[in-house]
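S.K.: So here's target_18.txt, just compact mmCIF, C-alpha atoms (C1' of nucleotides):
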# COMPACT_ATOMS: atom_id res chain seq x y z
CA MET A 258 131.57 118.02 49.91
CA ARG A 259 134.61 120.11 49.18
CA ARG A 260 134.46 121.29 45.62
CA PRO A 261 131.97 123.85 44.43
CA ALA A 262 128.90 121.95 43.41
CA GLN A 263 128.17 121.35 39.76
CA THR A 264 125.00 120.30 38.04
CA SER A 265 124.42 117.46 35.62
CA ARG A 266 121.28 117.33 33.61
CA ALA A 267 119.82 113.83 33.57
CA ALA A 268 117.33 112.18 31.26
CA GLY A 269 113.87 113.27 32.32
CA ALA A 270 115.06 116.79 32.98
CA PRO A 271 115.80 117.82 29.40
CA ALA A 272 117.02 121.17 28.22
CA ARG A 273 114.15 123.55 27.65
CA GLY A 274 112.83 123.52 24.11
CA ALA A 275 112.38 126.54 21.90
CA GLU A 276 108.67 126.62 22.67
CA GLN A 277 109.39 128.32 26.01
CA SER A 278 111.33 131.50 25.49
CA GLU A 279 113.08 133.33 28.27
CA SER A 280 110.93 136.38 27.66
CA SER A 281 107.75 134.40 28.12
CA GLU A 282 108.96 133.37 31.55
CA LYS A 283 109.81 136.92 32.30
CA LYS A 284 106.28 137.82 31.34
CA LEU A 285 105.02 135.34 33.92
CA PHE A 286 107.00 137.21 36.52
CA VAL A 287 105.74 140.60 35.36
CA ASP A 288 102.16 139.34 35.44
CA PHE A 289 102.74 138.00 38.91
CA LEU A 290 103.95 141.43 40.01
CA LEU A 291 100.99 143.20 38.42
CA ASP A 292 98.62 140.76 40.02
CA LYS A 293 99.97 141.63 43.45
CA ASN A 294 100.19 145.34 42.78
CA LEU A 295 103.95 145.18 42.91
CA LYS A 296 106.15 147.27 40.70
CA LEU A 297 108.53 146.26 37.96
CA THR A 298 111.71 148.02 38.91
CA ARG A 299 115.07 148.21 37.22
CA GLN A 300 116.49 146.13 40.08
CA ARG A 301 113.93 143.34 39.91
CA GLU A 302 114.42 143.15 36.19
CA ALA A 303 118.18 142.94 36.56
CA VAL A 304 117.91 140.09 39.07
CA VAL A 305 115.47 138.17 36.92
CA ASP A 306 117.58 138.64 33.79
CA GLU A 307 120.66 137.48 35.61
CA ILE A 308 118.95 134.36 36.92
CA PHE A 309 117.10 133.48 33.72
CA GLY A 310 120.25 134.11 31.74
CA GLY A 311 122.41 131.72 33.77
CA SER A 312 122.10 128.00 34.35
CA GLY A 313 122.51 125.50 37.13
CA HIS A 314 122.10 126.36 40.77
CA PHE A 315 123.50 129.38 42.51
CA GLU A 316 123.72 131.17 45.82
CA ALA A 317 122.07 134.51 46.50
CA GLU A 318 125.46 136.10 47.06
CA GLU A 319 126.56 134.90 43.64
CA ILE A 320 123.80 136.93 42.03
CA VAL A 321 124.83 139.97 44.06
CA GLN A 322 128.38 139.59 42.76
CA ARG A 323 127.45 138.82 39.17
CA LEU A 324 125.28 141.92 39.07
CA LYS A 325 128.03 143.99 40.62
CA LEU A 326 130.52 142.87 37.98
CA ASN A 327 128.35 142.85 34.91
CA ARG A 328 125.89 145.66 34.96
CA SER A 329 123.52 147.29 37.35
CA ARG A 330 123.93 147.91 41.01
CA VAL A 331 121.45 145.94 43.10
CA SER A 332 121.73 145.61 46.85
CA ARG A 333 121.92 142.32 48.65
CA ALA A 334 118.61 143.05 50.35
CA THR A 335 116.88 143.49 47.02
CA VAL A 336 118.37 140.31 45.62
CA TYR A 337 117.02 138.36 48.60
CA ARG A 338 113.68 140.11 48.32
CA THR A 339 113.42 139.33 44.62
CA LEU A 340 114.35 135.70 45.21
CA GLU A 341 111.43 135.47 47.63
CA LEU A 342 109.11 136.70 44.90
CA LEU A 343 110.54 134.26 42.38
CA LEU A 344 110.06 131.42 44.85
CA GLU A 345 106.48 132.51 45.39
CA CYS A 346 105.64 132.45 41.69
CA LYS A 347 107.58 129.19 41.29
CA LEU A 348 110.08 130.36 38.73
CA VAL A 349 112.83 129.58 41.20
CA GLU A 350 113.22 126.76 43.70
CA ARG A 351 115.30 126.69 46.85
CA LEU A 352 117.77 123.87 47.22
CA GLU A 353 119.59 122.93 50.40
CA LEU A 354 122.65 120.91 49.55
CA GLY A 355 123.56 119.84 53.06
CA GLY A 356 125.86 122.72 53.86
CA THR A 357 124.92 125.85 55.74
CA GLY A 358 123.35 128.16 53.18
CA SER A 359 120.73 127.81 50.48
CA TYR A 360 121.10 127.41 46.77
CA TYR A 361 118.51 128.42 44.25
CA GLU A 362 117.73 127.27 40.76
CA HIS A 363 115.76 128.62 37.91
CA VAL A 364 112.95 126.22 37.09
CA HIS A 365 110.91 126.39 33.92
CA PRO A 366 107.17 126.34 34.55
CA GLY A 367 105.95 122.81 35.17
CA GLU A 368 109.43 121.32 35.04
CA HIS A 369 110.12 120.47 38.65
CA HIS A 370 112.88 117.98 39.31
CA ASP A 371 114.52 116.31 42.28
CA HIS A 372 118.18 115.84 43.15
CA LEU A 373 120.84 113.24 43.72
CA ILE A 374 123.61 114.93 45.66
CA CYS A 375 127.09 113.44 45.80
CA THR A 376 128.50 114.10 49.25
CA GLN A 377 131.98 113.32 47.97
CA CYS A 378 132.47 115.52 44.92
CA GLY A 379 129.48 117.83 45.24
CA ASN A 380 127.99 116.86 41.91
CA VAL A 381 124.25 117.36 41.73
CA ILE A 382 122.21 115.19 39.37
CA GLU A 383 118.72 116.26 38.44
CA PHE A 384 116.01 113.72 37.82
CA HIS A 385 112.31 113.61 37.38
CA ASN A 386 110.04 110.64 37.88
CA GLU A 387 106.37 110.94 37.23
CA LYS A 388 105.37 107.85 39.19
CA LEU A 389 107.15 109.23 42.21
CA GLU A 390 105.31 112.52 41.85
CA ASN A 391 102.00 110.71 41.55
CA MET A 392 102.61 108.71 44.67
CA GLN A 393 103.42 111.84 46.58
CA ALA A 394 100.17 113.37 45.40
CA GLU A 395 98.37 110.27 46.59
CA ILE A 396 99.99 110.52 50.01
CA CYS A 397 98.98 114.17 50.30
CA ASN A 398 95.48 113.16 49.37
CA ASN A 399 95.42 110.55 52.11
CA PHE A 400 96.35 113.14 54.67
CA ASP A 401 94.02 115.78 53.24
CA PHE A 402 97.14 117.86 52.74
CA GLN A 403 97.26 120.56 50.06
CA GLU A 404 100.78 120.54 48.67
CA THR A 405 102.34 123.77 47.47
CA HIS A 406 105.79 122.35 46.74
CA HIS A 407 108.14 119.59 47.73
CA SER A 408 111.78 118.69 47.81
CA LEU A 409 113.33 115.26 47.51
CA ARG A 410 117.06 115.03 48.01
CA ILE A 411 118.98 111.79 47.88
CA PHE A 412 122.48 112.02 49.32
CA GLY A 413 125.27 109.55 48.63
CA LEU A 414 128.05 108.70 46.23
CA CYS A 415 127.77 109.32 42.51
CA SER A 416 128.92 106.69 40.03
CA LYS A 417 132.44 108.10 39.89
CA CYS A 418 132.95 108.48 43.62
CA GLY A 419 131.30 105.14 44.39
CA GLN A 420 134.05 103.29 42.51
CA ILE A 421 136.84 104.67 44.63
CA PRO A 422 137.08 102.48 47.78
CA GLN A 423 136.29 104.62 50.80
CA MET B 28 105.08 129.28 59.70
CA ARG B 29 104.73 131.32 62.86
CA ARG B 30 104.08 128.98 65.73
CA PRO B 31 106.73 126.66 67.12
CA ALA B 32 106.57 123.50 65.10
CA GLN B 33 104.89 120.46 66.49
CA THR B 34 105.00 116.84 65.43
CA SER B 35 102.17 114.46 64.71
CA ARG B 36 102.84 110.78 64.41
CA ALA B 37 101.02 109.30 61.44
CA ALA B 38 100.09 105.75 60.59
CA GLY B 39 103.13 104.08 59.13
CA ALA B 40 105.41 105.78 61.62
CA PRO B 41 104.22 104.04 64.77
CA ALA B 42 105.53 104.51 68.26
CA ARG B 43 108.50 102.31 68.98
CA GLY B 44 107.60 98.96 70.50
CA ALA B 45 109.12 97.44 73.58
CA GLU B 46 111.43 95.28 71.48
CA GLN B 47 113.81 98.21 70.97
CA SER B 48 114.88 99.62 74.30
CA GLU B 49 116.54 102.99 74.67
CA SER B 50 119.63 101.37 76.14
CA SER B 51 120.06 99.13 73.09
CA GLU B 52 120.18 102.23 70.91
CA LYS B 53 122.64 103.77 73.24
CA LYS B 54 124.74 100.65 72.83
CA LEU B 55 124.70 101.21 69.06
CA PHE B 56 126.16 104.63 69.68
CA VAL B 57 128.80 103.33 72.07
CA ASP B 58 129.78 100.64 69.59
CA PHE B 59 130.00 103.27 66.89
CA LEU B 60 132.36 105.28 69.07
CA LEU B 61 134.51 102.26 69.88
CA ASP B 62 134.66 101.34 66.23
CA LYS B 63 136.08 104.74 65.38
CA ASN B 64 138.40 104.88 68.36
CA LEU B 65 136.37 107.68 69.86
CA LYS B 66 135.80 108.03 73.54
CA LEU B 67 132.63 107.75 75.55
CA THR B 68 132.66 110.92 77.59
CA ARG B 69 130.33 112.25 80.23
CA GLN B 70 129.28 114.96 77.79
CA ARG B 71 128.50 112.68 74.89
CA GLU B 72 126.51 110.46 77.18
CA ALA B 73 124.53 113.42 78.50
CA VAL B 74 123.66 114.61 74.99
CA VAL B 75 122.59 111.15 73.89
CA ASP B 76 120.49 110.60 76.99
CA GLU B 77 118.81 113.93 76.52
CA ILE B 78 117.97 113.22 72.89
CA PHE B 79 116.91 109.62 73.34
CA GLY B 80 114.87 110.62 76.36
CA GLY B 81 112.87 113.28 74.53
CA SER B 82 110.53 113.03 71.56
CA GLY B 83 109.71 114.93 68.40
CA HIS B 84 112.12 117.20 66.65
CA PHE B 85 114.37 119.75 68.29
CA GLU B 86 117.00 122.36 67.62
CA ALA B 87 120.61 122.04 68.73
CA GLU B 88 120.25 125.03 71.00
CA GLU B 89 117.30 123.36 72.68
CA ILE B 90 119.54 120.50 73.78
CA VAL B 91 122.12 122.97 75.07
CA GLN B 92 119.42 124.61 77.17
CA ARG B 93 117.78 121.41 78.35
CA LEU B 94 121.15 120.12 79.52
CA LYS B 95 121.90 123.39 81.23
CA LEU B 96 118.63 123.27 83.16
CA ASN B 97 118.41 119.60 83.99
CA ARG B 98 121.78 118.21 84.72
CA SER B 99 125.28 118.32 83.36
CA ARG B 100 127.10 121.20 81.77
CA VAL B 101 127.87 120.59 78.11
CA SER B 102 129.09 123.31 75.79
CA ARG B 103 127.33 124.29 72.60
CA ALA B 104 130.32 123.13 70.57
CA THR B 105 130.13 119.66 72.07
CA VAL B 106 126.40 119.43 71.45
CA TYR B 107 126.96 120.24 67.78
CA ARG B 108 129.88 117.83 67.62
CA THR B 109 127.86 115.04 69.17
CA LEU B 110 124.96 115.69 66.81
CA GLU B 111 127.36 115.19 63.91
CA LEU B 112 128.30 111.80 65.31
CA LEU B 113 124.67 110.84 65.81
CA LEU B 114 123.91 111.82 62.23
CA GLU B 115 126.80 109.72 61.04
CA CYS B 116 125.61 106.60 62.82
CA LYS B 117 122.02 107.36 61.74
CA LEU B 118 120.46 107.57 65.16
CA VAL B 119 119.53 111.16 64.41
CA GLU B 120 118.34 112.81 61.21
CA ARG B 121 118.58 116.45 60.25
CA LEU B 122 115.38 118.17 59.22
CA GLU B 123 115.15 121.55 57.52
CA LEU B 124 111.71 122.97 58.03
CA GLY B 125 112.01 125.89 55.64
CA GLY B 126 113.22 128.44 58.18
CA THR B 127 116.80 129.42 58.85
CA GLY B 128 118.21 126.78 61.16
CA SER B 129 118.13 123.00 61.30
CA TYR B 130 116.04 120.67 63.36
CA TYR B 131 117.02 117.21 64.36
CA GLU B 132 115.07 114.14 65.31
CA HIS B 133 115.86 110.94 67.01
CA VAL B 134 115.20 108.06 64.64
CA HIS B 135 115.02 104.48 65.70
CA PRO B 136 117.20 102.16 63.63
CA GLY B 137 115.50 101.30 60.35
CA GLU B 138 112.53 103.56 61.00
CA HIS B 139 113.14 106.42 58.59
CA HIS B 140 110.17 108.59 57.73
CA ASP B 141 109.40 111.61 55.59
CA HIS B 142 107.52 114.81 56.37
CA LEU B 143 104.48 116.84 55.45
CA ILE B 144 105.13 120.35 56.67
CA CYS B 145 102.28 122.82 57.10
CA THR B 146 103.56 126.25 56.14
CA GLN B 147 100.60 127.84 57.90
CA CYS B 148 100.59 126.39 61.41
CA GLY B 149 103.99 124.69 61.45
CA ASN B 150 102.57 121.25 62.12
CA VAL B 151 104.83 118.45 60.92
CA ILE B 152 103.27 115.12 59.94
CA GLU B 153 105.48 112.07 59.68
CA PHE B 154 104.76 109.38 57.12
CA HIS B 155 106.43 106.37 55.68
CA ASN B 156 105.67 104.73 52.37
CA GLU B 157 107.51 101.64 51.34
CA LYS B 158 106.64 101.90 47.66
CA LEU B 159 108.06 105.39 47.59
CA GLU B 160 111.27 104.17 49.20
CA ASN B 161 111.55 101.35 46.70
CA MET B 162 111.14 103.67 43.77
CA GLN B 163 113.85 105.90 45.10
CA ALA B 164 116.14 102.92 45.41
CA GLU B 165 115.35 102.06 41.79
CA ILE B 166 116.19 105.57 40.68
CA CYS B 167 119.51 105.45 42.50
CA ASN B 168 120.19 102.16 40.85
CA ASN B 169 119.53 103.66 37.42
CA PHE B 170 122.09 106.36 38.09
CA ASP B 171 124.59 103.99 39.67
CA PHE B 172 124.26 106.17 42.75
CA GLN B 173 124.96 104.76 46.22
CA GLU B 174 122.49 106.37 48.58
CA THR B 175 123.49 107.07 52.15
CA HIS B 176 120.34 108.93 53.16
CA HIS B 177 117.52 110.98 51.76
CA SER B 178 115.01 113.58 52.71
CA LEU B 179 111.57 114.15 51.26
CA ARG B 180 109.67 117.17 52.46
CA ILE B 181 106.26 118.12 51.19
CA PHE B 182 105.23 121.67 52.04
CA GLY B 183 101.68 122.97 51.99
CA LEU B 184 98.54 123.27 54.07
CA CYS B 185 97.49 120.62 56.55
CA SER B 186 93.87 119.48 56.73
CA LYS B 187 92.99 122.10 59.34
CA CYS B 188 94.65 125.05 57.62
CA GLY B 189 93.42 123.99 54.18
CA GLN B 190 89.81 124.49 55.24
CA ILE B 191 90.29 128.10 56.17
CA PRO B 192 89.93 130.15 52.96
CA GLN B 193 93.26 131.85 52.26
C1' DA C 260 103.60 165.85 31.47
C1' DT C 261 102.58 166.25 36.43
C1' DT C 262 101.41 164.67 40.62
C1' DG C 263 100.59 161.84 44.64
C1' DA C 264 100.55 157.80 47.12
C1' DA C 265 101.93 153.40 47.53
C1' DT C 266 105.77 150.68 46.84
C1' DA C 267 110.77 149.79 46.57
C1' DT C 268 115.51 150.50 47.48
C1' DG C 269 120.21 150.71 49.72
C1' DA C 270 123.65 151.02 53.25
C1' DG C 271 124.91 149.13 56.86
C1' DA C 272 123.51 147.69 61.51
C1' DC C 273 121.94 143.62 63.35
C1' DT C 274 120.75 138.68 64.40
C1' DA C 275 120.99 133.81 64.46
C1' DA C 276 123.18 129.64 63.62
C1' DA C 277 127.03 127.29 63.45
C1' DT C 278 132.07 126.76 63.36
C1' DC C 279 136.67 127.49 64.90
C1' DT C 280 140.65 128.00 68.13
C1' DC C 281 143.69 126.36 71.33
C1' DA C 282 145.04 125.73 76.08
C1' DA C 283 143.52 122.69 79.54
C1' DT C 284 141.34 118.29 80.59
C1' DT C 285 140.07 113.43 80.23
C1' DA C 286 139.55 108.56 78.61
C1' DT C 287 141.75 104.45 77.69
C1' DA C 288 145.27 101.05 76.70
C1' DA C 289 149.62 99.55 78.06
C1' DT D 95 150.56 104.85 86.80
C1' DT D 96 151.63 106.81 82.71
C1' DA D 97 151.57 108.19 77.98
C1' DT D 98 149.05 109.85 74.42
C1' DA D 99 145.50 110.62 71.55
C1' DA D 100 141.09 112.37 71.90
C1' DT D 101 137.97 115.79 73.90
C1' DT D 102 136.30 119.80 75.86
C1' DG D 103 134.83 124.77 76.80
C1' DA D 104 134.75 129.68 76.44
C1' DG D 105 134.33 132.84 73.58
C1' DA D 106 135.90 134.82 69.21
C1' DT D 107 134.65 134.42 64.59
C1' DT D 108 132.22 133.48 60.36
C1' DT D 109 128.36 133.12 57.53
C1' DA D 110 123.88 133.80 55.84
C1' DG D 111 120.28 136.33 55.97
C1' DT D 112 117.09 140.01 57.91
C1' DC D 113 115.83 144.55 59.34
C1' DT D 114 115.55 149.65 59.49
C1' DC D 115 114.29 153.82 57.80
C1' DA D 116 115.41 157.85 55.07
C1' DT D 117 115.34 158.47 50.26
C1' DA D 118 113.94 157.27 45.65
C1' DT D 119 110.94 155.23 42.20
C1' DT D 120 106.92 153.46 39.85
C1' DC D 121 102.53 154.03 37.96
C1' DA D 122 97.76 155.34 37.82
C1' DA D 123 95.04 159.27 37.71
C1' DT D 124 94.71 163.67 36.17
Take the structure from the file and write it as structure tokens.
M.R.:
Amino acid sequence: MRRPAQTSRAAGAPARGAEQSESSEKKLFVDFLLDKNLKLTRQREAVVDEIFGGSGHFEAEEIVQRLKLNRSRVSRATVYRTLELLLECKLVERLELGGTGSYYEHVHPGEHHDHLICTQCGNVIEFHNEKLENMQAEICNNFDFQETHHSLRIFGLCSKCGQIPQ
Amino acid sequence: MRRPAQTSRAAGAPARGAEQSESSEKKLFVDFLLDKNLKLTRQREAVVDEIFGGSGHFEAEEIVQRLKLNRSRVSRATVYRTLELLLECKLVERLELGGTGSYYEHVHPGEHHDHLICTQCGNVIEFHNEKLENMQAEICNNFDFQETHHSLRIFGLCSKCGQIPQ
DNA sequence: ATTGAATATGAGACTAAATCTCAATTATAA
DNA sequence: TTATAATTGAGATTTAGTCTCATATTCAAT
């Protein structure tokens, strides 16, 4: 996986409709903060705006840099701390692409998806399959396991890379 | 996840029967080396013996230490390098438990399993579900994606931890 | 508006995990 | 035995992320 990873949006993981505005998601975050007696600071707001404003997956360091270039000054520590909060309230998911560090992605409420990861070109394809999700729920049930979140990653060669003889 | 992680073997991921001896798996590794014009060294053999001899999941550093204590001297670099080879020939799988580093586990040929990971006590439950695997294969097929491997992790509270009110 | 207390931040030190370097060593085929 | 390609080890280095703690900020109560 040499090239910087890109994201394709697949059927089943459609672009968010107009019924879910960015500000309503931001409100979810603000409510989450209130609920935990945490404060809405300039820095947290900047991080959230940056993440909700972008698309695809990103590294924590990328947010640090984007903030540095574009607008407010937010420290690395605060970016990581805010990402933790966003993970907790499920507006962001962590994604390990097989390399060393973690990627993150903004997820719209109730729109979880899984990933096909091309180990050749780095392309990441999102998909969602309800039957798969249901079966996982069933398995959890069998084990009396209370799921909070899950991650399914399928690694291999995408349609383009699969055609080139290895 | 505070305590050192432990592994439970669940139904569907049974203990290996007598029909698959450790030495036959070692032969798979040796053949893999030969096939790639790689050499069977004392160090590689020591790493493989250590891994095939143990059970459950482990960190790379753990193997470095176990080798240091028990028998031969093998450098950290060589342990990591040998793990890469074992991943490639699918005798070992990498497992990210949500913390910083990676875990590995010895997998017997054709016996892949997935994981339920308790974020409270660190317990890791293995499971295998053929229907789930088939559906994944179908999804790959739909995307013309050639899978090499996959990883499904379900995080949450195990039956014990789920009973304790949060 | 002011105040106070709890919460948050930033700079940079620190840690952990993994990779890299390259001179010296070793396995294997001829 | 020899040639050579592959391998190794020690430790430097990189990377990703966490931690510390003095200072600053938020926000509810006044």
S.K.: From (116.8, 113.1, 45.7), in the file's coordinates, out to 9 Å: which residues are reached, counting all atoms listed in the file? Answer as a ChimeraX atom specification.
M.R.: /A:370-374,382-384,408-412 /B:163,167,177-179
S.K.: Per residue of chain B within 10 Å of chain A, which atom pair is closest and at what distance in Å (one decimal), using all atoms listed in the file, listed by chain and increasing number, as a tab-separated table?
M.R.:
residue	atom	partner	partner_atom	distance
B:Ala37	CA	A:Phe400	CA	9.1
B:Arg121	CA	A:Gly355	CA	9.4
B:Glu123	CA	A:Glu353	CA	8.5
B:Gly125	CA	A:Arg351	CA	9.4
B:Thr127	CA	A:Gly358	CA	8.8
B:Gly128	CA	A:Thr357	CA	8.7
B:Ser129	CA	A:Thr357	CA	9.2
B:Asp141	CA	A:Leu409	CA	9.7
B:His142	CA	A:His407	CA	9.9
B:Leu143	CA	A:Phe402	CA	7.9
B:Ile144	CA	A:Glu404	CA	9.1
B:Cys145	CA	A:Phe402	CA	8.4
B:Thr146	CA	A:Thr405	CA	9.1
B:Ile152	CA	A:Phe400	CA	8.9
B:Phe154	CA	A:Ile396	CA	8.6
B:His155	CA	A:Ile396	CA	9.5
B:Asn156	CA	A:Ile396	CA	8.4
B:Lys158	CA	A:Met392	CA	8.5
B:Leu159	CA	A:Leu389	CA	6.7
B:Glu160	CA	A:Leu389	CA	9.6
B:Met162	CA	A:Leu389	CA	7.0
B:Gln163	CA	A:Leu389	CA	8.0
B:Ala164	CA	A:Ile411	CA	9.6
B:Ile166	CA	A:Asn386	CA	8.4
B:Cys167	CA	A:Leu373	CA	8.0
B:Asn168	CA	A:Ser416	CA	9.9
B:Phe170	CA	A:Ser416	CA	7.1
B:Asp171	CA	A:Ser416	CA	5.1
B:Phe172	CA	A:Cys415	CA	4.7
B:Gln173	CA	A:Leu414	CA	5.0
B:Glu174	CA	A:Gly413	CA	4.2
B:Thr175	CA	A:Gly413	CA	4.7
B:His176	CA	A:Phe412	CA	5.4
B:His177	CA	A:Ile411	CA	4.2
B:Ser178	CA	A:Arg410	CA	5.3
B:Leu179	CA	A:Leu409	CA	4.3
B:Arg180	CA	A:Ser408	CA	5.3
B:Ile181	CA	A:His407	CA	4.2
B:Phe182	CA	A:His406	CA	5.4
B:Gly183	CA	A:Glu404	CA	4.2
B:Leu184	CA	A:Gln403	CA	5.0
B:Cys185	CA	A:Phe402	CA	4.7
B:Ser186	CA	A:Asp401	CA	5.1
B:Lys187	CA	A:Asp401	CA	8.8
B:Cys188	CA	A:Phe402	CA	9.0
B:Gly189	CA	A:Gln403	CA	6.6
B:Gln190	CA	A:Asp401	CA	9.9
S.K.: With a cut-off of 10 Å and counting only C-alpha atoms (C1' of nucleotides), select all residues of chain C in contact with chain B and give the selection as a list of chain:residue names.
M.R.: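 Contact residues on the first chain: C:DA275, C:DA276, C:DA277, C:DT278, C:DC279, C:DT285, C:DA286, C:DT287.
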S.K.: What separation in Å, quoted to one decimal, exists between CA of Val134 in chain B and CA of Leu118 in chain B?
M.R.: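 These atoms are spaced 5.3 Å apart.
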S.K.: Between A:Leu352, A:Ile421, A:Cys378, A:Ala303, which has the minimum distance to Glu316 in chain A (counting all atoms listed in the file)?
M.R.: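 Of the candidates, the smallest distance to Glu316 in chain A is held by A:Leu352.
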S.K.: Using all atoms listed in the file, collect all residues at a distance of at most 10 Å from (142.1, 127.7, 72.1) as written in the file, then present them as an MDAnalysis selection string.
M.R.: (chainID C and resid 279:283) or (chainID D and resid 103:106)
S.K.: Out of B:Ser50, B:Glu77, B:Val106, B:Phe85, which residue has the shortest atom-to-atom distance to chain D when counting only C-alpha atoms (C1' of nucleotides)?
M.R.: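 When distances to chain D are compared using only C-alpha atoms (C1' of nucleotides), the smallest one comes from B:Val106.
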S.K.: Calculated over all atoms listed in the file, which of the candidates D:DT114, D:DT119, D:DT124, D:DT95 has the smallest distance to chain A?
M.R.: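 Closest residue, counting all atoms listed in the file: D:DT119.
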S.K.: One number please: CA of Gly83 in chain B to CA of His135 in chain B, in Å, one decimal.
M.R.: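 According to the coordinates, CA of Gly83 in chain B and CA of His135 in chain B are separated by 12.0 Å.
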